[in-house]
Amino acid sequence: MYRNDQHTPPDEHGRRAPLGGRFHRLLGAVGLGNLGDGIAVVALPWYATTLTDDAFLVALVGAATRLPWLFLALVAGVVGDRMDRRRLMMGAGAAKAVLLVLLTAVVTLGVGSIPLLVLIALLVGACEVFFDNTTQSVVPSVVARPQLERANGLLQVVERVLNKFLGAPIAGALLAVSTAWAFGAQAVLVLLAVVCLGGLRGDFRPVTEESRERPSMGSMLREGLVWLWRHPVLRPLALVSGASNLAAALNGAVLVLFAQDVLGVGPQGYGLLMTVTAAGAVTGALVVPSFSGRIHPSTAIAVVLVVLGATALTVGLFREVPTFVVCYFLTGFVITWWNITLISLIQRLTPDALRSRVFSAHRTVSWGLLSVGMGLGGALVSVLEGPWGREWALAAPFVTAGLIGLTLSVVSVLVLTPGRLDRALADAEPRGEAGSGFRKD
């Protein structure tokens with residue numbers, strides 16, 4: 001039977017134990033980085049549309065930021081299990097800031113092109129692979145195991161509030177002034193995140209057996225891949241997550257064109273529309289931890305996939321701003337529910353010495369397929385625009401994504417059963433306690 005130990009025992013005054021100063025420093029760094037990323041989510045595709053109106057090329061720019069997950073995530077996982085994870089995050093953040101300064105200069109000088117934008121997007125995406133993958137591996141080192149859901153929920157709140165709820169409208173305002181301002185602001189925020197990480201104290205090297213000789217990079221990579229592939233829950237979960245992300249990327253790739261040509265909004269309106277998802281996500285991050293302990297993870301996964309499929313299908317068929325607002329609010333809510341459930345499961349089921357590699361292997365599948373989905377979404381519009389017309393061609397990725405989501409909900413019910421998850425959690429309990437990596441201040 002499913003048992004969730006997320007509820008931290010209260011202290012003598014009946015209050016939940018605080019998450020601690022180290023967690024809040026990590027939270028601050030993640031928040032600053034995500035505010036910058038929220039600006040980029042709007043600014044990067046918008047800048048691409050000033051260079052070309054080709055749907056495939058616009059989608060290619062977005063795909064470039066996710067493509068590194070296909071070929072770098074496994075390397076990032078191995079590195080994250082071999083060195084101090086805080087320093088790895090700082091190095092990745094510093095490199096990303098330099099690239100954003102370069103992009104700001106390119107825009108200011110007016111020498112931008114799609115090939116150059118794709119190249120910079122690839123390099124920025126590579127930095128994000130190392131930063132984001134390592135962040136979730138660090139969380140169990142700064143909070144106790146029973147606090148994971150609460151900590152992950154707060155991270156989701158900060159990510160969504162700053163990434164889209166604030167980042168998107170700020171991006172719209174900055175774009176109205178100058179595209180260079182948008183990318184310059186992101187560079188400053190990333191640098192501030194690095195400074196914040198510099199104040200995070202503690203030992204963030206992976207917990208390993210003292211007597212064990214340090215294996216080679218290749219053997220560590222194989223160990224993480226084999227461990228994930230043989231796991232009865234994490235393997236099917238990674239495949240379902242990857243297929244779901246591919247579906248979401250189909251419509252995400254052409255979302256800016258859908259907003260412009262179908263919904264008829266400008267840069268500020270587009271930024272405001274993107275805050276709808278963030279509003280739903282923030283609501284989810286605040287509400288989900290209060291009921292997630294009473295709902296089995298297998299049920300949560302199936303419900304999320306049903307909602308994602310239904311909302312994408314509805315947006316594609318009705319193509320109106322009010323419909324978009326309602327559907328994307330629900331999408332934001334269930335995506336947060338999915339993230340909290342998924343991240344907490346991986347953290348609980350994986351020992352500390354393997355955590356970065358398992359997260360990276362999972363994301364190679366789940367996030368790597370985002371770039372594939374973006375490319376397919378742009379190609380689908382390009383192929384259908386002639387025979388179907390611009391509006392229906394831009395709606396096609398949404399309809400396709402909806403059908404995929406509904407199909408995946410059936411698959412999850414058949415494969416990720418409550419019994420299978422219960423057995424895996426029970427088997428991981430002693431190992432999770434021993435290898436949580438929690439160190440007191």
# chains A, B, ... in the order shown; residues from 1 in each chain; ligands from 1

$ residues_around --residues "Glu159 (chain A)" --least-positions-apart "6" --cutoff "8 Å" --atoms "only C-alpha atoms" --output "count of residues only"
4

$ residues_around --residues "region 42-50 of chain A" --least-positions-apart "4" --cutoff "10 Å" --atoms "only C-alpha atoms" --output "ChimeraX atom specification"
/A:37-38,54-55,57-62,65,107,112-114,117-118,121,164,167-172,174-175,179-183,253-257,267-268,270-271,274

$ select_by_dssp --residues "region 149-342 of chain A" --states "helix (DSSP H, G or I)" --output "short mmCIF file (atom, residue, chain, number, x, y, z; two decimals) with N, CA and C atoms, in the first residue's frame"
data_model
loop_
_atom_site.label_atom_id
_atom_site.label_comp_id
_atom_site.auth_asym_id
_atom_site.auth_seq_id
_atom_site.Cartn_x
_atom_site.Cartn_y
_atom_site.Cartn_z
N GLU A 149 9.02 16.47 -0.80
CA GLU A 149 7.86 17.00 -1.53
C GLU A 149 7.67 18.49 -1.27
N ARG A 150 7.85 18.88 0.00
CA ARG A 150 7.68 20.30 0.32
C ARG A 150 8.76 21.14 -0.35
N ALA A 151 10.00 20.66 -0.33
CA ALA A 151 11.09 21.38 -0.97
C ALA A 151 10.88 21.46 -2.48
N ASN A 152 10.51 20.34 -3.10
CA ASN A 152 10.26 20.34 -4.54
C ASN A 152 9.07 21.22 -4.90
N GLY A 153 8.06 21.25 -4.02
CA GLY A 153 6.92 22.12 -4.26
C GLY A 153 7.31 23.58 -4.25
N LEU A 154 8.16 23.98 -3.29
CA LEU A 154 8.62 25.37 -3.25
C LEU A 154 9.46 25.72 -4.47
N LEU A 155 10.30 24.78 -4.89
CA LEU A 155 11.09 25.02 -6.11
C LEU A 155 10.19 25.22 -7.31
N GLN A 156 9.10 24.45 -7.38
CA GLN A 156 8.15 24.60 -8.47
C GLN A 156 7.45 25.95 -8.41
N VAL A 157 7.08 26.40 -7.20
CA VAL A 157 6.45 27.71 -7.05
C VAL A 157 7.38 28.79 -7.57
N VAL A 158 8.62 28.78 -7.10
CA VAL A 158 9.58 29.81 -7.50
C VAL A 158 9.84 29.75 -9.00
N GLU A 159 10.01 28.52 -9.51
CA GLU A 159 10.29 28.38 -10.94
C GLU A 159 9.16 28.96 -11.78
N ARG A 160 7.92 28.60 -11.44
CA ARG A 160 6.79 29.04 -12.26
C ARG A 160 6.49 30.51 -12.10
N VAL A 161 6.54 31.00 -10.85
CA VAL A 161 6.26 32.43 -10.62
C VAL A 161 7.25 33.29 -11.38
N LEU A 162 8.53 32.97 -11.23
CA LEU A 162 9.55 33.81 -11.83
C LEU A 162 9.78 33.49 -13.31
N ASN A 163 9.65 32.22 -13.70
CA ASN A 163 9.93 31.85 -15.08
C ASN A 163 8.89 32.42 -16.04
N LYS A 164 7.62 32.29 -15.68
CA LYS A 164 6.58 32.71 -16.63
C LYS A 164 5.64 33.77 -16.07
N PHE A 165 5.29 33.62 -14.78
CA PHE A 165 4.34 34.57 -14.23
C PHE A 165 4.91 35.98 -14.21
N LEU A 166 6.20 36.10 -13.89
CA LEU A 166 6.88 37.40 -13.93
C LEU A 166 7.76 37.54 -15.17
N GLY A 167 8.46 36.45 -15.52
CA GLY A 167 9.39 36.53 -16.64
C GLY A 167 8.75 36.88 -17.96
N ALA A 168 7.58 36.28 -18.25
CA ALA A 168 6.93 36.52 -19.54
C ALA A 168 6.48 37.97 -19.71
N PRO A 169 5.73 38.57 -18.74
CA PRO A 169 5.35 39.97 -18.94
C PRO A 169 6.54 40.93 -18.92
N ILE A 170 7.55 40.60 -18.10
CA ILE A 170 8.76 41.44 -18.11
C ILE A 170 9.42 41.37 -19.48
N ALA A 171 9.45 40.17 -20.05
CA ALA A 171 10.03 40.03 -21.40
C ALA A 171 9.24 40.85 -22.40
N GLY A 172 7.91 40.81 -22.30
CA GLY A 172 7.09 41.59 -23.23
C GLY A 172 7.40 43.07 -23.12
N ALA A 173 7.55 43.57 -21.89
CA ALA A 173 7.87 44.99 -21.69
C ALA A 173 9.26 45.32 -22.22
N LEU A 174 10.22 44.45 -21.98
CA LEU A 174 11.58 44.68 -22.46
C LEU A 174 11.65 44.64 -23.99
N LEU A 175 10.90 43.69 -24.58
CA LEU A 175 10.89 43.59 -26.04
C LEU A 175 10.29 44.83 -26.69
N ALA A 176 9.32 45.42 -25.99
CA ALA A 176 8.70 46.64 -26.52
C ALA A 176 9.71 47.79 -26.58
N VAL A 177 10.74 47.72 -25.73
CA VAL A 177 11.80 48.73 -25.74
C VAL A 177 12.92 48.33 -26.71
N THR A 179 15.05 44.37 -28.01
CA THR A 179 15.35 42.95 -27.82
C THR A 179 16.66 42.78 -27.04
N ALA A 180 17.61 43.67 -27.26
CA ALA A 180 18.88 43.59 -26.55
C ALA A 180 18.69 43.73 -25.05
N TRP A 181 17.73 44.53 -24.62
CA TRP A 181 17.48 44.70 -23.20
C TRP A 181 17.03 43.37 -22.58
N ALA A 182 16.24 42.62 -23.31
CA ALA A 182 15.74 41.35 -22.79
C ALA A 182 16.89 40.38 -22.53
N PHE A 183 17.79 40.22 -23.49
CA PHE A 183 18.90 39.29 -23.31
C PHE A 183 19.93 39.81 -22.31
N GLY A 184 20.12 41.12 -22.27
CA GLY A 184 21.03 41.69 -21.29
C GLY A 184 20.53 41.48 -19.86
N ALA A 185 19.23 41.65 -19.67
CA ALA A 185 18.66 41.42 -18.34
C ALA A 185 18.84 39.97 -17.91
N GLN A 186 18.68 39.04 -18.85
CA GLN A 186 18.88 37.63 -18.51
C GLN A 186 20.31 37.36 -18.08
N ALA A 187 21.27 37.97 -18.77
CA ALA A 187 22.68 37.78 -18.42
C ALA A 187 22.95 38.25 -16.99
N VAL A 188 22.41 39.39 -16.61
CA VAL A 188 22.60 39.91 -15.25
C VAL A 188 22.00 38.96 -14.22
N LEU A 189 20.82 38.45 -14.48
CA LEU A 189 20.15 37.56 -13.54
C LEU A 189 20.92 36.25 -13.35
N VAL A 190 21.46 35.72 -14.42
CA VAL A 190 22.25 34.48 -14.32
C VAL A 190 23.51 34.72 -13.49
N LEU A 191 24.15 35.86 -13.68
CA LEU A 191 25.34 36.19 -12.88
C LEU A 191 24.98 36.29 -11.40
N LEU A 192 23.84 36.88 -11.09
CA LEU A 192 23.39 36.98 -9.70
C LEU A 192 23.13 35.59 -9.11
N ALA A 193 22.62 34.68 -9.93
CA ALA A 193 22.39 33.30 -9.46
C ALA A 193 23.71 32.63 -9.09
N VAL A 194 24.76 32.89 -9.88
CA VAL A 194 26.08 32.33 -9.58
C VAL A 194 26.60 32.88 -8.26
N VAL A 195 26.41 34.17 -8.04
CA VAL A 195 26.83 34.79 -6.79
C VAL A 195 26.10 34.17 -5.61
N CYS A 196 24.82 33.93 -5.77
CA CYS A 196 24.02 33.32 -4.72
C CYS A 196 24.53 31.91 -4.38
N LEU A 197 24.87 31.13 -5.39
CA LEU A 197 25.42 29.80 -5.15
C LEU A 197 26.76 29.87 -4.43
N GLY A 198 27.51 30.94 -4.66
CA GLY A 198 28.79 31.10 -3.99
C GLY A 198 28.64 31.17 -2.47
N MET A 217 34.98 7.32 -16.33
CA MET A 217 33.78 8.02 -16.81
C MET A 217 32.87 7.04 -17.55
N GLY A 218 33.47 6.18 -18.40
CA GLY A 218 32.67 5.26 -19.19
C GLY A 218 31.91 4.26 -18.34
N SER A 219 32.58 3.72 -17.33
CA SER A 219 31.91 2.74 -16.47
C SER A 219 30.83 3.39 -15.62
N MET A 220 31.06 4.63 -15.19
CA MET A 220 30.03 5.34 -14.43
C MET A 220 28.81 5.61 -15.30
N LEU A 221 29.05 5.99 -16.56
CA LEU A 221 27.94 6.24 -17.46
C LEU A 221 27.12 4.97 -17.67
N ARG A 222 27.81 3.86 -17.90
CA ARG A 222 27.09 2.59 -18.10
C ARG A 222 26.32 2.18 -16.85
N GLU A 223 26.91 2.42 -15.70
CA GLU A 223 26.26 2.04 -14.45
C GLU A 223 24.93 2.78 -14.27
N GLY A 224 24.93 4.10 -14.55
CA GLY A 224 23.70 4.87 -14.43
C GLY A 224 22.64 4.44 -15.42
N LEU A 225 23.06 4.22 -16.68
CA LEU A 225 22.11 3.80 -17.71
C LEU A 225 21.51 2.43 -17.39
N VAL A 226 22.36 1.49 -17.00
CA VAL A 226 21.87 0.13 -16.70
C VAL A 226 20.94 0.15 -15.50
N TRP A 227 21.29 0.95 -14.47
CA TRP A 227 20.45 1.01 -13.28
C TRP A 227 19.05 1.53 -13.62
N LEU A 228 19.00 2.60 -14.43
CA LEU A 228 17.70 3.14 -14.82
C LEU A 228 16.93 2.15 -15.70
N TRP A 229 17.61 1.54 -16.66
CA TRP A 229 16.94 0.66 -17.61
C TRP A 229 16.37 -0.58 -16.92
N ARG A 230 17.03 -1.04 -15.89
CA ARG A 230 16.57 -2.24 -15.20
C ARG A 230 15.54 -1.94 -14.11
N LEU A 234 11.26 3.37 -12.97
CA LEU A 234 11.88 4.53 -13.61
C LEU A 234 12.03 4.38 -15.11
N ARG A 235 12.22 3.15 -15.61
CA ARG A 235 12.31 2.97 -17.06
C ARG A 235 10.99 3.31 -17.75
N PRO A 236 9.85 2.69 -17.39
CA PRO A 236 8.61 3.07 -18.06
C PRO A 236 8.22 4.52 -17.80
N LEU A 237 8.58 5.04 -16.62
CA LEU A 237 8.27 6.43 -16.33
C LEU A 237 9.03 7.37 -17.26
N ALA A 238 10.30 7.05 -17.54
CA ALA A 238 11.09 7.87 -18.46
C ALA A 238 10.52 7.83 -19.87
N LEU A 239 10.08 6.66 -20.32
CA LEU A 239 9.52 6.53 -21.67
C LEU A 239 8.20 7.29 -21.80
N VAL A 240 7.33 7.17 -20.79
CA VAL A 240 6.06 7.90 -20.82
C VAL A 240 6.31 9.40 -20.76
N SER A 241 7.25 9.81 -19.90
CA SER A 241 7.58 11.23 -19.79
C SER A 241 8.13 11.77 -21.10
N GLY A 242 8.99 10.99 -21.76
CA GLY A 242 9.55 11.43 -23.02
C GLY A 242 8.50 11.60 -24.10
N ALA A 243 7.59 10.63 -24.20
CA ALA A 243 6.52 10.73 -25.20
C ALA A 243 5.60 11.92 -24.90
N SER A 244 5.33 12.17 -23.63
CA SER A 244 4.50 13.31 -23.25
C SER A 244 5.17 14.63 -23.59
N ASN A 245 6.49 14.72 -23.32
CA ASN A 245 7.21 15.94 -23.66
C ASN A 245 7.29 16.16 -25.17
N LEU A 246 7.44 15.08 -25.92
CA LEU A 246 7.44 15.21 -27.38
C LEU A 246 6.11 15.80 -27.85
N ALA A 247 5.00 15.31 -27.26
CA ALA A 247 3.68 15.84 -27.64
C ALA A 247 3.57 17.31 -27.30
N ALA A 248 4.02 17.70 -26.09
CA ALA A 248 3.95 19.10 -25.68
C ALA A 248 4.80 19.99 -26.58
N ALA A 249 5.95 19.47 -27.01
CA ALA A 249 6.84 20.25 -27.85
C ALA A 249 6.28 20.48 -29.25
N LEU A 250 5.39 19.60 -29.70
CA LEU A 250 4.77 19.79 -31.02
C LEU A 250 4.10 21.15 -31.09
N ASN A 251 3.29 21.46 -30.06
CA ASN A 251 2.60 22.75 -30.10
C ASN A 251 3.47 23.88 -29.55
N GLY A 252 4.39 23.55 -28.61
CA GLY A 252 5.26 24.59 -28.09
C GLY A 252 6.16 25.19 -29.15
N LEU A 255 4.07 27.83 -30.93
CA LEU A 255 3.14 28.58 -30.08
C LEU A 255 3.19 30.08 -30.37
N VAL A 256 4.39 30.61 -30.60
CA VAL A 256 4.50 32.05 -30.86
C VAL A 256 3.79 32.41 -32.16
N LEU A 257 3.89 31.55 -33.19
CA LEU A 257 3.18 31.81 -34.45
C LEU A 257 1.68 31.60 -34.29
N PHE A 258 1.29 30.62 -33.49
CA PHE A 258 -0.13 30.39 -33.21
C PHE A 258 -0.73 31.62 -32.53
N ALA A 259 0.01 32.20 -31.58
CA ALA A 259 -0.46 33.39 -30.88
C ALA A 259 -0.57 34.59 -31.83
N GLN A 260 0.41 34.73 -32.70
CA GLN A 260 0.42 35.86 -33.62
C GLN A 260 -0.65 35.74 -34.69
N ASP A 261 -0.66 34.59 -35.40
CA ASP A 261 -1.47 34.46 -36.61
C ASP A 261 -2.88 33.92 -36.37
N VAL A 262 -3.08 33.19 -35.27
CA VAL A 262 -4.40 32.62 -35.00
C VAL A 262 -5.12 33.39 -33.90
N LEU A 263 -4.43 33.63 -32.77
CA LEU A 263 -5.06 34.37 -31.69
C LEU A 263 -4.96 35.87 -31.88
N PRO A 267 3.48 41.38 -28.91
CA PRO A 267 4.48 40.89 -27.95
C PRO A 267 4.03 40.96 -26.50
N GLN A 268 3.38 42.07 -26.11
CA GLN A 268 2.91 42.18 -24.73
C GLN A 268 1.76 41.22 -24.46
N GLY A 269 0.87 41.08 -25.43
CA GLY A 269 -0.23 40.12 -25.29
C GLY A 269 0.28 38.70 -25.21
N TYR A 270 1.30 38.40 -26.00
CA TYR A 270 1.89 37.06 -25.96
C TYR A 270 2.51 36.79 -24.59
N GLY A 271 3.22 37.77 -24.06
CA GLY A 271 3.81 37.62 -22.75
C GLY A 271 2.76 37.37 -21.68
N LEU A 272 1.62 38.10 -21.78
CA LEU A 272 0.54 37.91 -20.80
C LEU A 272 -0.10 36.53 -20.95
N LEU A 273 -0.27 36.06 -22.18
CA LEU A 273 -0.83 34.72 -22.38
C LEU A 273 0.06 33.66 -21.74
N MET A 274 1.38 33.85 -21.80
CA MET A 274 2.28 32.88 -21.21
C MET A 274 2.20 32.85 -19.69
N THR A 275 1.72 33.96 -19.09
CA THR A 275 1.57 33.97 -17.63
C THR A 275 0.40 33.11 -17.18
N VAL A 276 -0.50 32.77 -18.09
CA VAL A 276 -1.63 31.93 -17.72
C VAL A 276 -1.15 30.56 -17.25
N THR A 277 -0.24 29.98 -17.99
CA THR A 277 0.34 28.70 -17.59
C THR A 277 1.02 28.82 -16.24
N ALA A 278 1.74 29.92 -16.04
CA ALA A 278 2.44 30.12 -14.78
C ALA A 278 1.46 30.26 -13.63
N ALA A 279 0.33 30.95 -13.86
CA ALA A 279 -0.68 31.08 -12.81
C ALA A 279 -1.22 29.72 -12.40
N GLY A 280 -1.48 28.87 -13.38
CA GLY A 280 -1.92 27.51 -13.06
C GLY A 280 -0.84 26.73 -12.35
N ALA A 281 0.41 26.91 -12.77
CA ALA A 281 1.52 26.18 -12.16
C ALA A 281 1.74 26.61 -10.71
N VAL A 282 1.65 27.91 -10.46
CA VAL A 282 1.81 28.41 -9.10
C VAL A 282 0.69 27.88 -8.21
N THR A 283 -0.53 27.92 -8.73
CA THR A 283 -1.65 27.36 -7.97
C THR A 283 -1.40 25.89 -7.65
N GLY A 284 -0.91 25.16 -8.64
CA GLY A 284 -0.60 23.75 -8.43
C GLY A 284 0.48 23.54 -7.39
N ALA A 285 1.55 24.36 -7.45
CA ALA A 285 2.65 24.20 -6.51
C ALA A 285 2.22 24.51 -5.08
N LEU A 286 1.25 25.41 -4.93
CA LEU A 286 0.75 25.74 -3.59
C LEU A 286 -0.24 24.70 -3.08
N VAL A 287 -1.00 24.10 -3.99
CA VAL A 287 -2.08 23.20 -3.59
C VAL A 287 -1.67 21.73 -3.59
N VAL A 288 -0.88 21.32 -4.59
CA VAL A 288 -0.57 19.89 -4.77
C VAL A 288 0.05 19.24 -3.53
N PRO A 289 1.05 19.87 -2.86
CA PRO A 289 1.62 19.20 -1.69
C PRO A 289 0.61 18.88 -0.60
N SER A 290 -0.51 19.62 -0.55
CA SER A 290 -1.51 19.39 0.49
C SER A 290 -2.33 18.13 0.27
N PHE A 291 -2.42 17.66 -1.01
CA PHE A 291 -3.21 16.46 -1.26
C PHE A 291 -2.43 15.32 -1.90
N SER A 292 -1.17 15.57 -2.29
CA SER A 292 -0.42 14.54 -2.99
C SER A 292 -0.19 13.30 -2.15
N GLY A 293 -0.13 13.46 -0.82
CA GLY A 293 0.06 12.31 0.04
C GLY A 293 -1.13 11.38 0.10
N ARG A 294 -2.30 11.87 -0.33
CA ARG A 294 -3.51 11.05 -0.29
C ARG A 294 -3.88 10.46 -1.65
N PRO A 297 0.74 7.92 -6.59
CA PRO A 297 1.46 8.46 -7.75
C PRO A 297 0.98 7.91 -9.08
N SER A 298 0.60 6.64 -9.13
CA SER A 298 0.13 6.08 -10.40
C SER A 298 -1.16 6.76 -10.85
N THR A 299 -2.03 7.07 -9.90
CA THR A 299 -3.27 7.79 -10.22
C THR A 299 -2.97 9.21 -10.68
N ALA A 300 -2.05 9.87 -9.98
CA ALA A 300 -1.67 11.23 -10.35
C ALA A 300 -1.14 11.30 -11.77
N ILE A 301 -0.28 10.35 -12.13
CA ILE A 301 0.31 10.34 -13.48
C ILE A 301 -0.77 10.18 -14.54
N ALA A 302 -1.71 9.26 -14.32
CA ALA A 302 -2.77 9.03 -15.30
C ALA A 302 -3.67 10.26 -15.45
N VAL A 303 -4.04 10.88 -14.33
CA VAL A 303 -4.91 12.06 -14.38
C VAL A 303 -4.23 13.21 -15.12
N VAL A 304 -2.95 13.43 -14.82
CA VAL A 304 -2.21 14.51 -15.50
C VAL A 304 -2.20 14.30 -17.01
N LEU A 305 -1.95 13.08 -17.45
CA LEU A 305 -1.89 12.81 -18.89
C LEU A 305 -3.24 13.02 -19.56
N VAL A 306 -4.32 12.67 -18.87
CA VAL A 306 -5.67 12.91 -19.43
C VAL A 306 -5.91 14.40 -19.61
N VAL A 307 -5.58 15.18 -18.59
CA VAL A 307 -5.80 16.64 -18.66
C VAL A 307 -4.94 17.26 -19.75
N LEU A 308 -3.67 16.87 -19.84
CA LEU A 308 -2.79 17.43 -20.87
C LEU A 308 -3.32 17.11 -22.27
N GLY A 309 -3.78 15.89 -22.47
CA GLY A 309 -4.33 15.53 -23.78
C GLY A 309 -5.60 16.30 -24.10
N ALA A 310 -6.50 16.41 -23.14
CA ALA A 310 -7.78 17.08 -23.37
C ALA A 310 -7.61 18.57 -23.64
N THR A 311 -6.71 19.22 -22.90
CA THR A 311 -6.53 20.66 -23.09
C THR A 311 -5.86 20.99 -24.43
N ALA A 312 -4.86 20.22 -24.81
CA ALA A 312 -4.21 20.45 -26.11
C ALA A 312 -5.20 20.27 -27.25
N LEU A 313 -6.01 19.23 -27.17
CA LEU A 313 -7.01 18.96 -28.20
C LEU A 313 -8.03 20.10 -28.28
N THR A 314 -8.44 20.61 -27.13
CA THR A 314 -9.44 21.69 -27.10
C THR A 314 -8.89 22.97 -27.71
N VAL A 315 -7.64 23.33 -27.38
CA VAL A 315 -7.03 24.54 -27.95
C VAL A 315 -6.94 24.43 -29.47
N GLY A 316 -6.53 23.27 -29.96
CA GLY A 316 -6.39 23.08 -31.40
C GLY A 316 -7.71 23.15 -32.15
N LEU A 317 -8.78 22.68 -31.54
CA LEU A 317 -10.07 22.64 -32.22
C LEU A 317 -10.83 23.96 -32.15
N PHE A 318 -10.72 24.70 -31.02
CA PHE A 318 -11.53 25.91 -30.85
C PHE A 318 -10.78 27.19 -31.18
N VAL A 321 -9.03 32.90 -27.70
CA VAL A 321 -8.26 33.34 -26.55
C VAL A 321 -8.86 32.86 -25.23
N PRO A 322 -10.18 32.99 -24.98
CA PRO A 322 -10.73 32.50 -23.71
C PRO A 322 -10.50 31.00 -23.51
N THR A 323 -10.64 30.22 -24.57
CA THR A 323 -10.39 28.77 -24.48
C THR A 323 -8.93 28.51 -24.16
N PHE A 324 -8.05 29.24 -24.81
CA PHE A 324 -6.62 29.11 -24.55
C PHE A 324 -6.30 29.39 -23.09
N VAL A 325 -6.89 30.45 -22.54
CA VAL A 325 -6.61 30.85 -21.16
C VAL A 325 -7.01 29.75 -20.17
N VAL A 326 -8.22 29.21 -20.34
CA VAL A 326 -8.70 28.16 -19.42
C VAL A 326 -7.83 26.90 -19.55
N CYS A 327 -7.57 26.49 -20.78
CA CYS A 327 -6.83 25.25 -21.00
C CYS A 327 -5.39 25.36 -20.52
N TYR A 328 -4.75 26.49 -20.75
CA TYR A 328 -3.36 26.62 -20.33
C TYR A 328 -3.22 26.83 -18.83
N PHE A 329 -4.25 27.36 -18.19
CA PHE A 329 -4.24 27.39 -16.72
C PHE A 329 -4.26 25.97 -16.17
N LEU A 330 -5.15 25.13 -16.71
CA LEU A 330 -5.21 23.74 -16.28
C LEU A 330 -3.91 23.00 -16.60
N THR A 331 -3.34 23.31 -17.76
CA THR A 331 -2.07 22.69 -18.15
C THR A 331 -0.98 23.02 -17.15
N GLY A 332 -0.87 24.29 -16.78
CA GLY A 332 0.13 24.68 -15.79
C GLY A 332 -0.05 23.97 -14.46
N PHE A 333 -1.31 23.82 -14.04
CA PHE A 333 -1.59 23.16 -12.76
C PHE A 333 -1.12 21.71 -12.77
N VAL A 334 -1.51 20.96 -13.81
CA VAL A 334 -1.18 19.53 -13.81
C VAL A 334 0.30 19.28 -14.12
N ILE A 335 0.94 20.18 -14.87
CA ILE A 335 2.38 20.02 -15.11
C ILE A 335 3.15 20.12 -13.80
N THR A 336 2.74 21.05 -12.93
CA THR A 336 3.37 21.15 -11.62
C THR A 336 3.12 19.89 -10.80
N TRP A 337 1.92 19.38 -10.84
CA TRP A 337 1.60 18.13 -10.15
C TRP A 337 2.49 17.00 -10.67
N TRP A 338 2.65 16.94 -11.98
CA TRP A 338 3.52 15.94 -12.60
C TRP A 338 4.96 16.09 -12.10
N ASN A 339 5.48 17.32 -12.12
CA ASN A 339 6.87 17.55 -11.74
C ASN A 339 7.14 17.16 -10.29
N ILE A 340 6.26 17.57 -9.39
CA ILE A 340 6.46 17.24 -7.98
C ILE A 340 6.43 15.73 -7.78
N THR A 341 5.48 15.07 -8.42
CA THR A 341 5.38 13.61 -8.30
C THR A 341 6.60 12.92 -8.88
N LEU A 342 6.99 13.32 -10.09
CA LEU A 342 8.09 12.67 -10.79
C LEU A 342 9.42 12.88 -10.09
#

$ closest_residue --among "A:Leu51, A:Val372, A:His24, A:Ala395" --to "Val111 (chain A)" --atoms "only C-alpha atoms"
A:Leu51

$ atom_distance --atom1 "CA of Trp392 (chain A)" --atom2 "CA of Leu380 (chain A)"
11.0 Å

$ residues_around --residues "Arg420 (chain A)" --least-positions-apart "2" --cutoff "12 Å" --atoms "only C-alpha atoms" --output "JSON, numbers by chain"
{"A": [1, 2, 231, 232, 233, 234, 236, 237, 296, 297, 298, 412, 413, 414, 415, 416, 417, 418, 422, 423, 424, 425, 426, 427]}

$ residues_around --residues "Gln136 (chain A)" --least-positions-apart "2" --cutoff "9 Å" --atoms "only C-alpha atoms" --output "list in words"
Asp132, Asn133, Thr134, Val138, Val139, Pro140, Asn152, Ile343, Gln347, Arg355, Ser356 and Phe359 of chain A

$ decode --residues "region 198-206 of chain A" --atoms "N, CA and C atoms" --output "mmCIF file, in the first residue's frame"
data_model
loop_
_atom_site.group_PDB
_atom_site.id
_atom_site.type_symbol
_atom_site.label_atom_id
_atom_site.label_comp_id
_atom_site.auth_asym_id
_atom_site.auth_seq_id
_atom_site.Cartn_x
_atom_site.Cartn_y
_atom_site.Cartn_z
ATOM 1 N N GLY A 198 27.510 30.940 -4.661
ATOM 2 C CA GLY A 198 28.787 31.097 -3.988
ATOM 3 C C GLY A 198 28.644 31.170 -2.473
ATOM 4 N N GLY A 199 27.460 31.581 -1.999
ATOM 5 C CA GLY A 199 27.218 31.660 -0.563
ATOM 6 C C GLY A 199 26.649 30.387 0.035
ATOM 7 N N LEU A 200 26.487 29.346 -0.775
ATOM 8 C CA LEU A 200 25.942 28.073 -0.298
ATOM 9 C C LEU A 200 27.069 27.224 0.273
ATOM 10 N N ARG A 201 27.041 27.002 1.575
ATOM 11 C CA ARG A 201 28.118 26.290 2.251
ATOM 12 C C ARG A 201 27.767 24.820 2.454
ATOM 13 N N GLY A 202 28.795 23.991 2.500
ATOM 14 C CA GLY A 202 28.591 22.573 2.746
ATOM 15 C C GLY A 202 29.356 21.713 1.767
ATOM 16 N N ASP A 203 29.297 20.413 1.996
ATOM 17 C CA ASP A 203 29.961 19.438 1.132
ATOM 18 C C ASP A 203 28.930 18.879 0.157
ATOM 19 N N PHE A 204 29.126 19.141 -1.128
ATOM 20 C CA PHE A 204 28.160 18.707 -2.135
ATOM 21 C C PHE A 204 28.764 17.667 -3.081
ATOM 22 N N ARG A 205 29.768 16.974 -2.579
ATOM 23 C CA ARG A 205 30.293 15.846 -3.338
ATOM 24 C C ARG A 205 29.397 14.635 -3.122
ATOM 25 N N PRO A 206 29.213 13.798 -4.135
ATOM 26 C CA PRO A 206 28.330 12.635 -4.003
ATOM 27 C C PRO A 206 28.787 11.703 -2.897
#
